[in-house]
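Engineer: Provided herewith: structure_36.json, JSON, C-alpha atoms and all ligand atoms.
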[["chain", "number", "residue", "atom", "x", "y", "z"],
["A", 1, "MET", "CA", 0.00, 0.00, 0.00],
["A", 2, "ALA", "CA", 0.99, 3.57, -0.34],
["A", 3, "LEU", "CA", 2.51, 4.16, 3.05],
["A", 4, "ASN", "CA", 3.06, 7.76, 2.06],
["A", 5, "GLU", "CA", -0.68, 8.27, 2.24],
["A", 6, "LEU", "CA", -0.50, 7.87, 5.99],
["A", 7, "ASP", "CA", 0.36, 10.69, 8.36],
["A", 8, "ASP", "CA", 4.10, 11.11, 8.93],
["A", 9, "LEU", "CA", 3.88, 10.13, 12.56],
["A", 10, "TYR", "CA", 2.05, 6.94, 11.81],
["A", 11, "ARG", "CA", 4.40, 6.15, 8.99],
["A", 12, "GLU", "CA", 7.47, 6.55, 11.19],
["A", 13, "ALA", "CA", 6.19, 4.14, 13.84],
["A", 14, "ILE", "CA", 5.04, 1.59, 11.27],
["A", 15, "LEU", "CA", 8.32, 1.71, 9.34],
["A", 16, "ASP", "CA", 10.37, 1.40, 12.51],
["A", 17, "HIS", "CA", 8.48, -1.69, 13.61],
["A", 18, "SER", "CA", 8.38, -3.29, 10.18],
["A", 19, "ARG", "CA", 12.11, -2.82, 9.65],
["A", 20, "LYS", "CA", 13.05, -3.97, 13.14],
["A", 21, "PRO", "CA", 10.30, -6.35, 14.21],
["A", 22, "ARG", "CA", 10.39, -7.00, 17.97],
["A", 23, "HIS", "CA", 10.31, -10.44, 19.52],
["A", 24, "GLN", "CA", 11.08, -12.25, 16.35],
["A", 25, "ALA", "CA", 13.03, -15.30, 17.58],
["A", 26, "VAL", "CA", 11.62, -18.77, 17.98],
["A", 27, "LEU", "CA", 11.31, -19.85, 21.63],
["A", 28, "ASP", "CA", 12.32, -23.32, 22.77],
["A", 29, "ARG", "CA", 9.31, -23.56, 25.00],
["A", 30, "ALA", "CA", 5.98, -21.82, 24.55],
["A", 31, "ASP", "CA", 2.67, -22.24, 26.36],
["A", 32, "ILE", "CA", 0.68, -20.56, 23.62],
["A", 33, "THR", "CA", 1.43, -20.44, 19.91],
["A", 34, "ALA", "CA", -0.71, -18.34, 17.61],
["A", 35, "SER", "CA", -0.29, -18.42, 13.87],
["A", 36, "ALA", "CA", -2.20, -17.18, 10.86],
["A", 37, "VAL", "CA", -1.89, -16.41, 7.19],
["A", 38, "ASN", "CA", -3.55, -13.70, 5.16],
["A", 39, "PRO", "CA", -3.89, -15.10, 1.63],
["A", 40, "PHE", "CA", -4.94, -11.74, 0.21],
["A", 41, "CYS", "CA", -1.56, -10.26, 0.90],
["A", 42, "GLY", "CA", 0.76, -13.20, 1.54],
["A", 43, "ASP", "CA", 1.30, -12.32, 5.20],
["A", 44, "GLU", "CA", 2.35, -15.10, 7.56],
["A", 45, "THR", "CA", 2.62, -14.51, 11.25],
["A", 46, "SER", "CA", 3.21, -16.39, 14.45],
["A", 47, "ILE", "CA", 3.47, -15.38, 18.09],
["A", 48, "GLN", "CA", 4.73, -17.63, 20.86],
["A", 49, "VAL", "CA", 4.02, -16.84, 24.47],
["A", 50, "ALA", "CA", 5.66, -18.42, 27.51],
["A", 51, "LEU", "CA", 3.89, -17.97, 30.85],
["A", 52, "GLU", "CA", 5.17, -17.86, 34.38],
["A", 53, "SER", "CA", 2.72, -17.71, 37.28],
["A", 54, "GLY", "CA", -0.06, -16.72, 34.89],
["A", 55, "ARG", "CA", 1.83, -13.84, 33.29],
["A", 56, "VAL", "CA", 3.74, -13.57, 30.05],
["A", 57, "SER", "CA", 7.45, -14.04, 30.65],
["A", 58, "GLN", "CA", 8.72, -14.46, 27.09],
["A", 59, "VAL", "CA", 7.49, -13.66, 23.60],
["A", 60, "GLY", "CA", 8.77, -15.02, 20.32],
["A", 61, "GLY", "CA", 7.68, -16.24, 16.93],
["A", 62, "ARG", "CA", 8.23, -15.33, 13.37],
["A", 63, "ALA", "CA", 6.55, -13.31, 10.66],
["A", 64, "LYS", "CA", 6.86, -12.24, 7.08],
["A", 65, "GLY", "CA", 4.66, -10.11, 4.94],
["A", 66, "CYS", "CA", 3.75, -6.52, 4.28],
["A", 67, "ALA", "CA", 4.86, -3.59, 6.42],
["A", 68, "ILE", "CA", 1.47, -3.25, 8.10],
["A", 69, "SER", "CA", 1.24, -6.87, 9.18],
["A", 70, "GLN", "CA", 4.84, -6.88, 10.41],
["A", 71, "ALA", "CA", 4.47, -3.63, 12.30],
["A", 72, "SER", "CA", 1.18, -4.64, 13.82],
["A", 73, "ARG", "CA", 2.56, -7.93, 15.09],
["A", 74, "SER", "CA", 5.68, -6.23, 16.40],
["A", 75, "MET", "CA", 3.64, -3.61, 18.27],
["A", 76, "LEU", "CA", 1.44, -6.31, 19.77],
["A", 77, "THR", "CA", 4.41, -8.34, 21.01],
["A", 78, "GLN", "CA", 5.73, -5.27, 22.82],
["A", 79, "LEU", "CA", 2.60, -5.08, 24.92],
["A", 80, "LEU", "CA", 2.62, -8.67, 26.13],
["A", 81, "ILE", "CA", 5.43, -9.09, 28.66],
["A", 82, "GLY", "CA", 4.14, -9.11, 32.23],
["A", 83, "GLN", "CA", 0.46, -9.24, 31.23],
["A", 84, "SER", "CA", -2.06, -11.87, 32.25],
["A", 85, "LEU", "CA", -4.14, -13.57, 29.56],
["A", 86, "ASP", "CA", -7.21, -11.61, 30.70],
["A", 87, "GLU", "CA", -5.33, -8.34, 30.31],
["A", 88, "ILE", "CA", -4.17, -9.36, 26.84],
["A", 89, "ASP", "CA", -7.75, -10.20, 25.88],
["A", 90, "THR", "CA", -8.79, -6.70, 26.93],
["A", 91, "ILE", "CA", -6.02, -5.05, 24.89],
["A", 92, "ILE", "CA", -6.87, -7.14, 21.83],
["A", 93, "ALA", "CA", -10.54, -6.16, 22.13],
["A", 94, "ILE", "CA", -9.66, -2.45, 22.33],
["A", 95, "PHE", "CA", -7.53, -2.76, 19.20],
["A", 96, "GLN", "CA", -10.15, -4.72, 17.26],
["A", 97, "ARG", "CA", -12.80, -2.13, 18.12],
["A", 98, "MET", "CA", -10.47, 0.68, 17.06],
["A", 99, "MET", "CA", -9.77, -0.98, 13.71],
["A", 100, "ARG", "CA", -13.50, -1.46, 13.18],
["A", 101, "GLY", "CA", -14.08, 2.25, 13.58],
["A", 102, "ARG", "CA", -14.71, 2.92, 17.26],
["A", 103, "GLU", "CA", -12.67, 5.79, 18.64],
["A", 104, "PRO", "CA", -10.64, 4.61, 21.66],
["A", 105, "SER", "CA", -10.83, 6.60, 24.90],
["A", 106, "LEU", "CA", -7.67, 8.28, 26.21],
["A", 107, "GLU", "CA", -7.21, 5.50, 28.73],
["A", 108, "GLU", "CA", -7.52, 2.90, 26.00],
["A", 109, "MET", "CA", -5.05, 4.78, 23.81],
["A", 110, "ALA", "CA", -2.58, 4.74, 26.69],
["A", 111, "ARG", "CA", -2.91, 0.97, 26.94],
["A", 112, "LEU", "CA", -2.26, 0.58, 23.23],
["A", 113, "GLY", "CA", 0.96, 2.61, 23.18],
["A", 114, "ASP", "CA", 2.62, 2.57, 19.75],
["A", 115, "VAL", "CA", -0.26, 0.55, 18.41],
["A", 116, "GLY", "CA", -2.35, 3.70, 18.21],
["A", 117, "ALA", "CA", -0.31, 4.49, 15.09],
["A", 118, "LEU", "CA", -2.24, 1.80, 13.26],
["A", 119, "GLU", "CA", -5.47, 3.76, 13.56],
["A", 120, "GLY", "CA", -4.59, 5.46, 10.28],
["A", 121, "VAL", "CA", -4.73, 2.09, 8.52],
["A", 122, "ARG", "CA", -8.52, 2.22, 8.85],
["A", 123, "GLN", "CA", -8.52, 4.48, 5.80],
["A", 124, "PHE", "CA", -7.38, 1.48, 3.76],
["A", 125, "PRO", "CA", -10.00, -1.24, 4.22],
["A", 126, "VAL", "CA", -7.97, -3.97, 2.47],
["A", 127, "ARG", "CA", -5.17, -3.41, 4.95],
["A", 128, "ILE", "CA", -7.30, -3.79, 8.06],
["A", 129, "LYS", "CA", -6.96, -7.55, 7.68],
["A", 130, "CYS", "CA", -3.17, -7.19, 7.65],
["A", 131, "ALA", "CA", -3.31, -5.13, 10.84],
["A", 132, "LEU", "CA", -5.64, -7.52, 12.65],
["A", 133, "LEU", "CA", -3.93, -10.74, 11.58],
["A", 134, "ALA", "CA", -1.62, -11.36, 14.55],
["A", 135, "TRP", "CA", -4.15, -10.01, 17.04],
["A", 136, "SER", "CA", -6.99, -12.26, 15.95],
["A", 137, "ALA", "CA", -4.63, -15.25, 15.89],
["A", 138, "LEU", "CA", -3.48, -14.57, 19.43],
["A", 139, "GLU", "CA", -7.07, -14.06, 20.61],
["A", 140, "GLU", "CA", -8.03, -17.48, 19.25],
["A", 141, "ALA", "CA", -4.96, -19.17, 20.69],
["A", 142, "ILE", "CA", -5.70, -17.72, 24.14],
["A", 143, "GLU", "CA", -9.30, -18.93, 23.92],
["A", 144, "ALA", "CA", -8.06, -22.41, 23.11],
["A", 145, "TYR", "CA", -5.45, -22.43, 25.87],
["A", 146, "PRO", "CA", -6.47, -25.10, 28.39],
["A", 147, "GLY", "CA", -4.63, -23.53, 31.30],
["A", 148, "ASP", "CA", -6.83, -20.42, 31.13],
["A", 149, "GLU", "CA", -8.76, -20.91, 34.37],
["A", 150, "GLY", "CA", -9.41, -17.22, 34.71],
["A", 151, "ALA", "CA", -6.71, -16.74, 37.33],
["B", 201, "ZN", "ZN", -0.52, -7.51, 4.44]]
Translate the structure of the given file into structure tokens.
Ligand code: ZN
Structural biologist:
Amino acid sequence: MALNELDDLYREAILDHSRKPRHQAVLDRADITASAVNPFCGDETSIQVALESGRVSQVGGRAKGCAISQASRSMLTQLLIGQSLDEIDTIIAIFQRMMRGREPSLEEMARLGDVGALEGVRQFPVRIKCALLAWSALEEAIEAYPGDEGA
């Protein structure tokens, strides 16, 4: 997509994350593995999460694809360390609502951090799928995680 159609600020954050994706190393041991492909764009993404006492202690995985999908995954992985699965669910829901057109509150924006930069992607409906790819995959993997006893 024409990244230059996005605001400069958004573009900077997206380029930074897509060029230097965070948490992109495969873990030896993971409690949760989320993966997904976006056939429309050729994006492939995976996120591994290792838990310790109910909180995320390590994040890894691998991804390839367009700048938006890479940046979105990278921004998501940055938010995960130290969070419980319930907290991650909440953050994912805020992001999904934002990408579907609901304006986040200031408090929600603060929880999203860098991820707020992806709001501009809403102007490009085909790219929303790229932005949501890793998030939806992680949401599903958390739902399927048997150790999620709501602790
Ligand atoms: Zn894509």
Engineer: Distance limit 8 Å, reference ligand ZN 201 (chain B), atoms considered: all atoms listed in the file. Which residues make the cut? Give them as a ChimeraX atom specification.
Structural biologist: /A:38,40-43,65-69,127,129-131
Engineer: Could you list, as an mmCIF file with C-alpha atoms, in the coordinates of the input, every residue within 9 Å of range 82-89 of chain A, counting all atoms listed in the file and ignoring same-chain residues fewer than 2 positions away?
Structural biologist:
data_model
loop_
_atom_site.group_PDB
_atom_site.id
_atom_site.type_symbol
_atom_site.label_atom_id
_atom_site.label_comp_id
_atom_site.auth_asym_id
_atom_site.auth_seq_id
_atom_site.Cartn_x
_atom_site.Cartn_y
_atom_site.Cartn_z
ATOM 1 C CA LEU A 51 3.890 -17.970 30.850
ATOM 2 C CA GLY A 54 -0.060 -16.720 34.890
ATOM 3 C CA ARG A 55 1.830 -13.840 33.290
ATOM 4 C CA VAL A 56 3.740 -13.570 30.050
ATOM 5 C CA SER A 57 7.450 -14.040 30.650
ATOM 6 C CA GLN A 58 8.720 -14.460 27.090
ATOM 7 C CA LEU A 79 2.600 -5.080 24.920
ATOM 8 C CA LEU A 80 2.620 -8.670 26.130
ATOM 9 C CA ILE A 91 -6.020 -5.050 24.890
ATOM 10 C CA ILE A 92 -6.870 -7.140 21.830
ATOM 11 C CA ALA A 93 -10.540 -6.160 22.130
ATOM 12 C CA ILE A 94 -9.660 -2.450 22.330
ATOM 13 C CA LEU A 138 -3.480 -14.570 19.430
ATOM 14 C CA GLU A 139 -7.070 -14.060 20.610
ATOM 15 C CA ILE A 142 -5.700 -17.720 24.140
ATOM 16 C CA ASP A 148 -6.830 -20.420 31.130
ATOM 17 C CA GLY A 150 -9.410 -17.220 34.710
ATOM 18 C CA ALA A 151 -6.710 -16.740 37.330
#
Engineer: What gap, in Å, lies between CA of Thr33 in chain A and CA of Lys20 in chain A?
Structural biologist: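 We find that CA of Thr33 in chain A and CA of Lys20 in chain A lie 21.3 Å from each other.
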Engineer: Could you give me, as a PyMOL selection string, the residues within 12 Å of Glu103 in chain A, counting all atoms listed in the file and dropping anything in the same chain fewer than 4 positions from it?
Structural biologist: chain A and resi 94-99+107-109+116+119-120+122
Engineer: How far is it from CA of Ala144 in chain A to CA of Ala110 in chain A, in Å with one decimal?
Structural biologist: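 Spanning CA of Ala144 in chain A to CA of Ala110 in chain A is a straight-line distance of 27.9 Å.
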Engineer: Would you mind reading off the distance between CA of Val59 in chain A and CA of Val121 in chain A, one decimal, in Å?
Structural biologist: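 Between CA of Val59 in chain A and CA of Val121 in chain A the gap is 25.0 Å.
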Engineer: Of the candidates A:Ile81, A:Gly61, A:Arg19, A:Glu52, which shows the shortest atom-to-atom distance to Ser35 in chain A, using all atoms listed in the file?
Structural biologist: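 Smallest separation from Ser35 in chain A among the options: A:Gly61.
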Engineer: For Ala13 in chain A, which residue out of A:Pro146, A:Leu112, A:Ala71, A:Ala137 is the nearest one, using only C-alpha atoms?
Structural biologist: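 Ranking A:Pro146, A:Leu112, A:Ala71, A:Ala137 by distance to Ala13 in chain A, first place goes to A:Ala71.
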Engineer: Return the single residue from A:Leu15, A:Ala141, A:Ala117, A:Leu133 that is closest to Thr45 in chain A, with distances computed using only C-alpha atoms.
Structural biologist: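 Checking each candidate against Thr45 in chain A, we get A:Leu133 as the closest.
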Engineer: Excluding Val26 in chain A and any residue of its chain fewer than 5 positions from it, enumerate the residues within 8 Å of it, using only C-alpha atoms, and give them as a PyMOL selection string.
Structural biologist: chain A and resi 48+60-62
Engineer: Every residue with an atom at most 7 Å from (0.5, -11.2, 17.6) (file coordinates; only C-alpha atoms) is what I'm after, so could you write them as a ChimeraX atom specification?
Structural biologist: /A:46-47,73,76-77,134-135,137-138
Engineer: Which one is closest to Ile128 in chain A: A:Glu140, A:Leu9, A:Arg100, A:Asp114? Count all atoms listed in the file.
Structural biologist: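 Among the listed residues, the smallest separation from Ile128 in chain A belongs to A:Arg100.
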Engineer: Go through A:Arg29, A:Thr90, A:Leu118, A:Ser105 one by one, measure the shortest atom-to-atom distance of each to Glu12 in chain A using all atoms listed in the file, and give the residue with the smallest value.
Structural biologist: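 Checking each of A:Arg29, A:Thr90, A:Leu118, A:Ser105 against Glu12 in chain A, counting all atoms listed in the file, the winner is A:Leu118.
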Engineer: Using all atoms listed in the file, can you tell me which of A:Pro39, A:Asp28, A:Ser53, A:His23 comes closest to Val126 in chain A?
Structural biologist: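 Under the stated criterion, the closest residue is A:Pro39.
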